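For reference, the structure is listed below as structure tokens.
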Amino acid sequence: MKYMLGLLVCFIIGDQLFHGSATLLDPNCGLSRYRTRISGGRDAELNSAPWMVFLHDNFEFVCGGSLITSAFVLTAAHCVTPIPKRLAARLGELDWTTERDCNNAYICAPAYREYTVTKIYTHPRYRSILSHDIALLKLHQPVLYTESIRPICVIMPEKVDEWYWYVDSVREFTLTGWGATDTVPVSHRLQTVNLTQTGRGTCHDRYGLAVDHTHICAGNTDHYACTGDSGSPLGFTIKYGEREVYAQVGIVSSGSEACKGITVFTNVVSFTQWIARTISYDERYMTP
């Protein structure tokens, strides 16, 4: 695949170290203007999450998503089932109520870019949010990367089991999305929050959630995902070779109706091969 870059890497978070052979789906991924992550459910900074995608149907917000290559967006399958009539992907967006996004220093990002979704690939085994809740969206033309538009990293491990173990050992992730807050049903400005991982055993036994290795559980009573966050990426910063990148490991799938407590995420690690095969198939058979 033309996007992949092979490398023998050391993944480092805190005191944890994992040696392994892996590739990046897109070598230009995972870089943002700000390296630090914001905790506590606060406004995201300008250009801090350039991979975020605002999915809408005829300008009505549908879900979040993440840009993973210049042509594909990753989201939850339930976001596109049934298929929206005029699904579009807005990139380079921060506050969807303003024409231009600026920070407190009046430094502004370029205007957002709109892309039509021309092909939707939902996982063939998807039936409900309980399992295989993942989809790929093909854009009508390749995205030009800028400071405010850039893909998130998807790690393509040579040994999936080792990457499973590594992700399971991570204590805290970061979620970004336009989901509901205490005051509005859909946040006008992109929000970001740190979420603590909960073991799948606890997720099942204590909270009664149907989960397995294809899921990640995270959240607590103070920090959580909510309505509107569906399809948005869960990730964390890792050291890949000689640089730090931001990698996606989860997709918001389901959670409490009260928007408090544990959220269930689709575990992207479980679907890296499907992602690669689907993109390869599209490039080989669907691209003119």
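Chain lettering (A, B, ...) mirrors the order of the structure tokens, residue numbering begins at 1 for each chain separately, and ligand numbering begins at 1 in order of display.
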Checklist entry - Can you list every residue in stretch 168-253 of chain A that DSSP puts in strand (DSSP E), as a PyMOL selection string? => result chain A and resi 172-177+191-198+215-218+233-240+243-253
Would you mind listing, for every residue of stretch 132-207 of chain A within 9 Å of stretch 66-82 of chain A, the two atoms forming the shortest contact and the distance between them in Å to one decimal, using only C-alpha atoms, sorted by chain and ascending residue number, as JSON lines?
{"residue": "A:His132", "atom": "CA", "partner": "A:Ala77", "partner_atom": "CA", "distance": 7.8}
{"residue": "A:Asp133", "atom": "CA", "partner": "A:Ala77", "partner_atom": "CA", "distance": 4.8}
{"residue": "A:Ile134", "atom": "CA", "partner": "A:Ala76", "partner_atom": "CA", "distance": 4.3}
{"residue": "A:Ala135", "atom": "CA", "partner": "A:Ala77", "partner_atom": "CA", "distance": 4.7}
{"residue": "A:Leu136", "atom": "CA", "partner": "A:Leu74", "partner_atom": "CA", "distance": 4.9}
{"residue": "A:Leu137", "atom": "CA", "partner": "A:Val73", "partner_atom": "CA", "distance": 5.0}
{"residue": "A:Lys138", "atom": "CA", "partner": "A:Phe72", "partner_atom": "CA", "distance": 4.9}
{"residue": "A:Leu139", "atom": "CA", "partner": "A:Ala71", "partner_atom": "CA", "distance": 5.4}
{"residue": "A:His140", "atom": "CA", "partner": "A:Ala71", "partner_atom": "CA", "distance": 7.8}
{"residue": "A:Gln141", "atom": "CA", "partner": "A:Ala71", "partner_atom": "CA", "distance": 6.6}
{"residue": "A:Pro142", "atom": "CA", "partner": "A:Ala71", "partner_atom": "CA", "distance": 4.9}
{"residue": "A:Val143", "atom": "CA", "partner": "A:Ser70", "partner_atom": "CA", "distance": 4.7}
{"residue": "A:Leu144", "atom": "CA", "partner": "A:Ser70", "partner_atom": "CA", "distance": 7.2}
{"residue": "A:Tyr145", "atom": "CA", "partner": "A:Ser70", "partner_atom": "CA", "distance": 7.7}
{"residue": "A:Ile149", "atom": "CA", "partner": "A:Leu67", "partner_atom": "CA", "distance": 8.4}
{"residue": "A:Arg150", "atom": "CA", "partner": "A:Leu67", "partner_atom": "CA", "distance": 7.1}
{"residue": "A:Pro151", "atom": "CA", "partner": "A:Ile68", "partner_atom": "CA", "distance": 4.7}
{"residue": "A:Ile152", "atom": "CA", "partner": "A:Ile68", "partner_atom": "CA", "distance": 5.4}
{"residue": "A:Cys153", "atom": "CA", "partner": "A:Ile68", "partner_atom": "CA", "distance": 6.6}
{"residue": "A:Val154", "atom": "CA", "partner": "A:Ile68", "partner_atom": "CA", "distance": 6.9}
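If you look at atom CA of A:Ile279 and atom CA of A:Gly241, they are 25.0 Å away from each other.
Distance check against A:Tyr164 using only C-alpha atoms: of A:Ser48, A:Asn194, A:Asn267, A:Ser232, the minimum falls on A:Asn267.
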List every residue of stretch 98-187 of chain A that has an atom at most 12 Å from any atom of stretch 202-211 of chain A, and for each one report the closest atom pair and its distance in Å to one decimal, counting only C-alpha atoms, with rows sorted by chain and then by increasing residue number, as JSON lines.
{"residue": "A:Ile129", "atom": "CA", "partner": "A:Ala210", "partner_atom": "CA", "distance": 10.3}
{"residue": "A:Leu130", "atom": "CA", "partner": "A:Ala210", "partner_atom": "CA", "distance": 7.0}
{"residue": "A:Ser131", "atom": "CA", "partner": "A:Val211", "partner_atom": "CA", "distance": 8.4}
{"residue": "A:His132", "atom": "CA", "partner": "A:Val211", "partner_atom": "CA", "distance": 11.1}
Next on the checklist: Between A:Asn28, A:Ser128, A:Ser148, A:Ser21, which residue has the minimum interatomic distance to A:Glu45, considering only C-alpha atoms?
Outcome noted: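 With only C-alpha atoms as the atom set, the closest residue is A:Ser148.
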Checklist outcome for this item: As a check of understanding: the span from atom CA of A:Ser169 to atom CA of A:Val269 is 13.5 Å
Next on the checklist: Would you pick out the contacts of A:Thr174 at 9 Å or less, using only C-alpha atoms, so that residues sharing its chain but fewer than 2 positions from it are not included, and give the list as JSON, numbers by chain?
Outcome noted: {"A": [37, 38, 39, 172, 176, 192, 193, 194, 195, 196, 233, 234, 235, 236, 237]}
Checklist entry - Which one of A:Val249, A:Leu94, A:Leu25, A:Val264 sits closest to A:Ala225 if you count only C-alpha atoms? => result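 Among A:Val249, A:Leu94, A:Leu25, A:Val264, it is A:Val264 that comes nearest to A:Ala225.
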Next on the checklist: My list of candidates is A:Phe271, A:Trp178, A:Tyr115, A:Phe265. Which is closest to A:Met52 when distances are computed with only C-alpha atoms?
Outcome noted: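 Checking each of A:Phe271, A:Trp178, A:Tyr115, A:Phe265 against A:Met52, counting only C-alpha atoms, the winner is A:Trp178.
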